[in-house]
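Trainee: To be precise about what I am sending: the file is called structure10.txt and holds compact mmCIF, C-alpha atoms and all ligand atoms.
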```
# COMPACT_ATOMS: atom_id res chain seq x y z
CA MET A 469 88.37 54.80 119.57
CA PHE A 470 91.13 54.16 117.05
CA LYS A 471 88.62 54.40 114.21
CA ALA A 472 87.38 57.74 115.50
CA ILE A 473 90.92 59.14 115.66
CA LEU A 474 91.63 57.84 112.16
CA PHE A 475 88.43 59.43 110.89
CA VAL A 476 89.30 62.84 112.40
CA LEU A 477 92.84 62.57 111.02
CA LEU A 478 91.66 61.72 107.51
CA THR A 479 89.04 64.45 107.50
CA THR A 480 91.63 67.01 108.64
CA LEU A 481 94.02 65.87 105.92
CA LEU A 482 91.30 66.06 103.28
CA VAL A 483 90.22 69.56 104.33
CA ALA A 484 93.84 70.81 104.53
CA GLY A 485 94.57 69.24 101.15
CA TYR A 486 91.53 70.89 99.62
CA PHE A 487 92.57 74.36 100.85
CA LEU A 488 96.18 73.86 99.77
CA TYR A 489 95.01 72.78 96.34
CA GLN A 490 92.67 75.79 96.06
CA ARG A 491 95.52 78.16 96.91
CA TYR A 492 97.82 76.42 94.44
CA ALA A 493 95.22 76.54 91.66
CA ALA A 494 94.47 80.23 92.30
CA GLY A 495 98.21 81.02 92.20
CA MET A 496 98.63 79.14 88.92
CA GLN A 497 95.69 80.99 87.40
CA ARG A 498 97.07 84.38 88.47
CA SER A 499 100.52 83.57 87.04
CA GLY A 500 98.87 82.56 83.76
CA ARG A 501 97.12 85.92 83.57
CA VAL A 502 100.33 87.84 84.40
CA LEU A 503 102.08 86.07 81.50
CA ALA A 504 99.16 86.76 79.14
CA TRP A 505 99.16 90.43 80.20
CA LEU A 506 102.94 90.81 79.75
CA ARG A 507 102.75 89.14 76.34
CA ASN A 508 100.02 91.48 75.06
CA ALA A 509 98.48 93.98 77.49
CA ASN A 510 96.43 95.55 74.66
CA ALA A 511 94.39 92.37 74.38
CA HIS A 512 93.03 92.85 77.92
CA PRO A 513 91.92 96.48 78.34
CA ASP A 514 89.29 95.40 80.88
CA TRP A 515 92.03 94.13 83.27
CA GLN A 516 93.63 97.57 83.57
CA MET A 517 93.42 99.98 86.50
CA LYS A 518 94.54 103.62 86.08
CA ALA A 519 96.81 105.78 88.26
CA GLY A 520 94.65 108.16 90.32
CA GLN A 521 91.47 106.08 89.81
CA ARG A 522 89.24 105.73 92.88
CA CYS A 523 86.86 102.79 93.34
CA GLY A 524 83.60 104.04 94.87
CA SER A 525 84.23 105.81 98.18
CA ALA A 526 87.55 104.05 98.94
CA PRO A 527 90.01 106.32 100.78
CA PHE A 528 93.02 105.55 98.52
CA VAL A 529 93.36 106.26 94.80
CA PHE A 530 95.06 103.62 92.67
CA PRO A 531 98.85 104.19 92.71
CA THR A 532 99.78 103.32 89.09
CA ASP A 533 98.55 102.07 85.70
CA GLY A 534 98.29 98.36 85.11
CA PHE A 535 96.96 94.93 85.93
CA VAL A 536 96.99 93.72 89.55
CA GLY A 537 98.71 90.40 88.87
CA TYR A 538 99.39 89.26 92.43
CA LEU A 539 97.37 89.94 95.55
CA TRP A 540 97.99 90.38 99.26
CA ASP A 541 98.60 86.94 100.85
CA ASP A 542 99.40 85.22 97.55
CA SER A 543 102.12 82.60 97.99
CA PHE A 544 105.13 82.41 95.63
CA ARG A 545 106.74 79.40 97.38
CA PRO A 546 105.82 77.14 100.30
CA GLY A 547 105.49 79.17 103.48
CA HIS A 548 105.70 82.53 101.69
CA ARG A 549 102.94 85.12 102.07
CA HIS A 550 102.95 88.20 99.80
CA GLN A 551 102.86 91.40 101.87
CA GLY A 552 101.39 93.63 99.16
CA ILE A 553 100.02 93.76 95.64
CA ASP A 554 101.99 93.65 92.38
CA ILE A 555 100.75 95.93 89.59
CA PHE A 556 102.17 95.25 86.14
CA GLY A 557 102.18 98.26 83.78
CA GLY A 558 102.80 96.17 80.68
CA GLU A 559 105.37 98.72 79.41
CA GLN A 560 109.17 99.12 79.46
CA PRO A 561 111.03 100.07 82.68
CA GLY A 562 110.79 103.79 83.49
CA VAL A 563 107.58 104.46 81.54
CA THR A 564 104.54 103.72 83.74
CA PRO A 565 103.89 106.51 86.30
CA VAL A 566 103.50 105.85 90.02
CA VAL A 567 101.51 108.33 92.13
CA VAL A 568 100.71 108.87 95.82
CA ALA A 569 97.65 106.82 96.86
CA TYR A 570 96.89 108.83 100.01
CA PRO A 571 98.47 112.01 101.40
CA GLY A 572 101.19 111.69 103.99
CA TYR A 573 104.88 112.25 104.80
CA LEU A 574 107.43 110.73 102.43
CA THR A 575 110.71 109.16 103.54
CA ARG A 576 113.43 107.61 101.37
CA LEU A 577 116.30 106.08 103.33
CA PRO A 578 119.89 106.87 102.18
CA ASP A 579 120.37 103.43 100.58
CA TRP A 580 116.93 103.08 98.93
CA LYS A 581 117.39 102.89 95.15
CA SER A 582 113.86 101.82 94.20
CA SER A 583 111.70 102.32 97.29
CA LEU A 584 109.99 104.95 99.37
CA ILE A 585 107.56 104.93 102.25
CA ILE A 586 104.81 107.39 103.21
CA ARG A 587 103.68 107.90 106.79
CA ILE A 588 99.93 108.38 107.26
CA PRO A 589 99.41 109.78 110.77
CA ALA A 590 95.70 108.85 110.90
CA ASP A 591 94.60 105.64 109.19
CA PRO A 592 91.45 106.72 107.28
CA LEU A 593 89.75 103.44 108.25
CA GLU A 594 90.99 103.39 111.86
CA PRO A 595 91.86 107.00 112.76
CA GLY A 596 93.40 106.14 116.14
CA ARG A 597 96.49 104.63 114.54
CA GLN A 598 99.35 105.58 112.23
CA ILE A 599 100.07 103.46 109.12
CA TRP A 600 102.59 103.54 106.25
CA THR A 601 102.34 102.93 102.49
CA TYR A 602 105.35 101.35 100.79
CA TYR A 603 106.13 101.66 97.07
CA THR A 604 108.98 99.67 95.49
CA HIS A 605 110.68 98.40 92.28
CA MET A 606 111.07 101.97 90.94
CA ALA A 607 114.56 101.40 89.43
CA ASP A 608 116.02 99.49 86.49
CA SER A 609 117.77 96.13 86.80
CA GLU A 610 121.13 97.90 87.42
CA GLY A 611 119.67 99.98 90.27
CA ASN A 612 119.34 103.27 88.33
CA SER A 613 116.46 104.97 90.10
CA PHE A 614 113.19 105.99 88.44
CA ILE A 615 112.08 107.94 91.52
CA SER A 616 111.30 111.65 90.89
CA PRO A 617 114.36 113.90 91.48
CA GLU A 618 112.12 115.80 93.93
CA PHE A 619 112.60 112.89 96.37
CA PRO A 620 116.35 112.11 96.49
CA THR A 621 117.82 109.48 98.83
CA GLY A 622 117.78 110.77 102.37
CA THR A 623 114.42 112.55 101.95
CA HIS A 624 112.79 112.56 105.39
CA ASP A 625 109.12 113.10 106.28
CA VAL A 626 108.21 115.45 103.39
CA TYR A 627 104.46 116.10 102.92
CA VAL A 628 102.96 114.84 99.63
CA GLU A 629 99.40 115.14 98.31
CA ALA A 630 97.44 112.23 96.80
CA GLY A 631 98.17 111.99 93.06
CA THR A 632 101.73 113.44 93.33
CA LEU A 633 104.06 111.77 90.80
CA LEU A 634 106.55 109.58 92.68
CA GLY A 635 108.38 108.01 89.75
CA TYR A 636 108.01 105.12 87.32
CA GLN A 637 107.70 101.33 87.48
CA GLY A 638 110.91 99.34 87.13
CA ASN A 639 112.32 95.84 87.54
CA TYR A 640 115.04 96.26 90.19
CA SER A 641 115.55 93.16 92.34
CA GLY A 642 119.03 93.77 93.76
CA ASP A 643 120.48 91.21 91.34
CA PRO A 644 121.13 92.64 87.80
CA PHE A 645 121.17 89.08 86.37
CA ASN A 646 117.79 88.22 87.79
CA PRO A 647 115.50 91.27 87.55
CA THR A 648 111.81 91.03 88.50
CA GLY A 649 109.02 91.61 85.97
CA ILE A 650 108.31 95.34 85.48
CA HIS A 651 105.82 96.27 88.19
CA LEU A 652 105.02 98.32 91.27
CA HIS A 653 104.88 96.47 94.60
CA PHE A 654 102.55 98.42 96.90
CA SER A 655 101.85 97.54 100.52
CA ILE A 656 100.34 98.97 103.69
CA VAL A 657 102.67 98.62 106.66
CA LYS A 658 101.87 98.71 110.36
CA ASP A 659 103.45 101.22 112.70
CA ASP A 660 105.94 100.17 115.37
CA HIS A 661 106.24 102.87 118.06
CA GLY A 662 106.32 105.69 115.52
CA ARG A 663 108.58 103.84 113.04
CA PHE A 664 107.51 101.60 110.17
CA ALA A 665 107.53 97.90 110.99
CA ASN A 666 109.61 95.48 108.86
CA GLU A 667 107.68 95.23 105.57
CA LEU A 668 109.24 91.86 104.71
CA ASP A 669 107.22 90.20 107.47
CA PHE A 670 103.67 89.52 106.23
CA HIS A 671 102.26 90.01 109.73
CA ASN A 672 103.41 93.63 109.67
CA THR A 673 101.16 94.46 106.71
CA LEU A 674 97.43 95.15 106.28
CA ASP A 675 94.90 93.85 103.76
CA PRO A 676 94.76 96.68 101.16
CA SER A 677 91.25 95.68 99.95
CA PRO A 678 89.17 98.19 101.97
CA TYR A 679 91.69 101.00 101.35
CA LEU A 680 91.48 100.66 97.56
CA GLY A 681 87.92 99.31 97.28
CA LEU A 682 89.15 96.25 95.38
CA PRO A 683 89.15 92.47 96.07
CA LEU A 684 92.88 92.21 96.88
CA ASN A 685 92.90 89.45 99.52
CA ALA A 686 94.17 86.24 97.87
CA ARG A 687 92.38 84.04 100.43
CA ILE A 688 89.01 85.55 99.53
CA ASN A 689 89.52 86.40 95.85
CA THR A 690 90.49 83.16 94.14
CA ASN A 691 89.78 84.01 90.49
CA GLN A 692 88.37 87.53 90.09
CA ILE A 693 90.34 90.23 88.23
CA PRO A 694 90.61 93.22 90.61
CA VAL A 695 89.01 96.22 88.90
CA CYS A 696 86.53 98.80 90.30
CA PRO A 697 82.99 97.41 90.49
CA PRO A 698 80.67 99.05 87.92
CA VAL A 699 78.91 102.20 89.21
CA GLN A 700 75.30 101.43 90.18
CA ASP A 701 72.58 103.78 88.95
CA ALA A 702 70.65 105.53 91.69
CA PRO A 703 67.22 103.88 92.13
ZN ZN B 1 105.17 92.17 95.41
```
Please render this file's structure as structure tokens.
Mentor:
Amino acid sequence: MFKAILFVLLTTLLVAGYFLYQRYAAGMQRSGRVLAWLRNANAHPDWQMKAGQRCGSAPFVFPTDGFVGYLWDDSFRPGHRHQGIDIFGGEQPGVTPVVVAYPGYLTRLPDWKSSLIIRIPADPLEPGRQIWTYYTHMADSEGNSFISPEFPTGTHDVYVEAGTLLGYQGNYSGDPFNPTGIHLHFSIVKDDHGRFANELDFHNTLDPSPYLGLPLNARINTNQIPVCPPVQDAP
């Protein structure tokens, strides 16, 4: 009996250890690529996605130019789960354009320096529900906004078409002495009785993979660079 319990315990530990190690290794590999990209983006043209690009018949177009360095459900520290994707333009703050991925109604709260959120009344993949798309880090390290003047703070529920220019990638983190790398954080947020749910909670977000037609789930994609699959010739 004791031996059987010990066996189950050891097997569980081994399996858990294996998965933890896999996640750790995948995270290390992605960080290595982000550094390589930021050092010299021109050396990796095949890692780049383009603003407005659509993969196959995916409902969303890609929201900015750059390399998808971190995926949905990546982990930056123990217990952390990344709610969206991080797209690194490889340029200076305020240069890389950010566009609307899918049409909807744009809101920017009065205190949002670098963020905006777009309400999509009918989820294209599950039309019975409303979802939201969240775009952030569109300001410099001091909090000077790179969001288009068309969408000032306090903008509420204004209709925008796919491809509309929203602003430019920045590195705003809230702390001028510790800015983030220059990127766009993009996430799909669940609805909570007509309001957007708290984006900071991973469980309130959706896997963006099927919306963008890209392998963006960190648990499934351990080492693949997320770019559109090559177009197949008709048989
Ligand atoms: Zn992020």
Trainee: Have a look at CA of Arg498 (chain A) and CA of Pro697 (chain A) and let me know their distance in Å, one decimal.
Mentor: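 Distance between the two atoms: 19.3 Å.
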Trainee: Would you please work out which residue, of A:His653, A:His512, A:Arg507, A:Lys518, is nearest to ligand ZN 1 (chain B) when using all atoms listed in the file?
Mentor: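 Under the stated criterion, the closest residue is A:His653.
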Trainee: Please check which protein, DNA or RNA residues sit within 7 Å of ligand ZN 1 (chain B), counting all atoms listed in the file, and write them as a PDB file with C-alpha atoms, keeping the file's coordinate frame.
Mentor:
```pdb
ATOM      1  CA  HIS A 550     102.950  88.200  99.800  1.00  0.00           C
ATOM      2  CA  GLN A 551     102.860  91.400 101.870  1.00  0.00           C
ATOM      3  CA  GLY A 552     101.390  93.630  99.160  1.00  0.00           C
ATOM      4  CA  ILE A 553     100.020  93.760  95.640  1.00  0.00           C
ATOM      5  CA  ASP A 554     101.990  93.650  92.380  1.00  0.00           C
ATOM      6  CA  HIS A 653     104.880  96.470  94.600  1.00  0.00           C
ATOM      7  CA  PHE A 654     102.550  98.420  96.900  1.00  0.00           C
TER       8      PHE A 654
END
```
Trainee: Which neighbours of region 639-652 of chain A fall inside 6 Å, counting all atoms listed in the file, when residues of the same chain fewer than 2 positions from it are skipped, and could you give them as a ChimeraX atom specification?
Mentor: /A:554-556,604-605,607-611,637
Trainee: For CA of Phe670 (chain A) and CA of His548 (chain A), determine how far apart the two atoms are, in Å to one decimal place.
Mentor: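 We find that CA of Phe670 (chain A) and CA of His548 (chain A) lie 8.6 Å from each other.
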Trainee: Please return as a JSON list (two decimals) with C-alpha atoms, in the coordinates of the input every residue within 6 Å of (92.5, 101.5, 92.2), taking into account all atoms listed in the file and the file's own coordinates.
Mentor:
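Final output, saved to out.json:
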```
[["chain", "number", "residue", "atom", "x", "y", "z"],
["A", 517, "MET", "CA", 93.42, 99.98, 86.50],
["A", 521, "GLN", "CA", 91.47, 106.08, 89.81],
["A", 522, "ARG", "CA", 89.24, 105.73, 92.88],
["A", 523, "CYS", "CA", 86.86, 102.79, 93.34],
["A", 529, "VAL", "CA", 93.36, 106.26, 94.80],
["A", 530, "PHE", "CA", 95.06, 103.62, 92.67],
["A", 680, "LEU", "CA", 91.48, 100.66, 97.56]]
```
Trainee: Skipping near chain neighbours, those fewer than 2 positions away, what residues fall within 8 Å of region 568-573 of chain A using only C-alpha atoms, listed as a list in words?
Mentor: Gly520, Pro527, Phe528, Val529, Phe530, Pro531, Val566, Thr575, Ile586, Arg587, Ile588, Pro589, His624, Asp625, Val626, Tyr627, Val628, Glu629, Ala630, Gly631, Thr632, Leu633 and Leu634 of chain A
Trainee: With C-alpha atoms retained, write the just-selected residues as a compact mmCIF listing (two decimals), in the coordinates of the input.
Mentor:
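Contents of the output file selection_4.txt:
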```
# COMPACT_ATOMS: atom_id res chain seq x y z
CA GLY A 520 94.65 108.16 90.32
CA PRO A 527 90.01 106.32 100.78
CA PHE A 528 93.02 105.55 98.52
CA VAL A 529 93.36 106.26 94.80
CA PHE A 530 95.06 103.62 92.67
CA PRO A 531 98.85 104.19 92.71
CA VAL A 566 103.50 105.85 90.02
CA THR A 575 110.71 109.16 103.54
CA ILE A 586 104.81 107.39 103.21
CA ARG A 587 103.68 107.90 106.79
CA ILE A 588 99.93 108.38 107.26
CA PRO A 589 99.41 109.78 110.77
CA HIS A 624 112.79 112.56 105.39
CA ASP A 625 109.12 113.10 106.28
CA VAL A 626 108.21 115.45 103.39
CA TYR A 627 104.46 116.10 102.92
CA VAL A 628 102.96 114.84 99.63
CA GLU A 629 99.40 115.14 98.31
CA ALA A 630 97.44 112.23 96.80
CA GLY A 631 98.17 111.99 93.06
CA THR A 632 101.73 113.44 93.33
CA LEU A 633 104.06 111.77 90.80
CA LEU A 634 106.55 109.58 92.68
```
Trainee: Rounded to one decimal, what separation in Å do you get between CA of Glu594 (chain A) and CA of Leu539 (chain A)?
Mentor: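 Straight-line distance from CA of Glu594 (chain A) to CA of Leu539 (chain A) works out to 22.1 Å.
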Trainee: Find, counting all atoms listed in the file, the residue in A:Thr601, A:Asp541, A:Ala519, A:Thr532 that gets nearest to Asn689 (chain A).
Mentor: A:Asp541
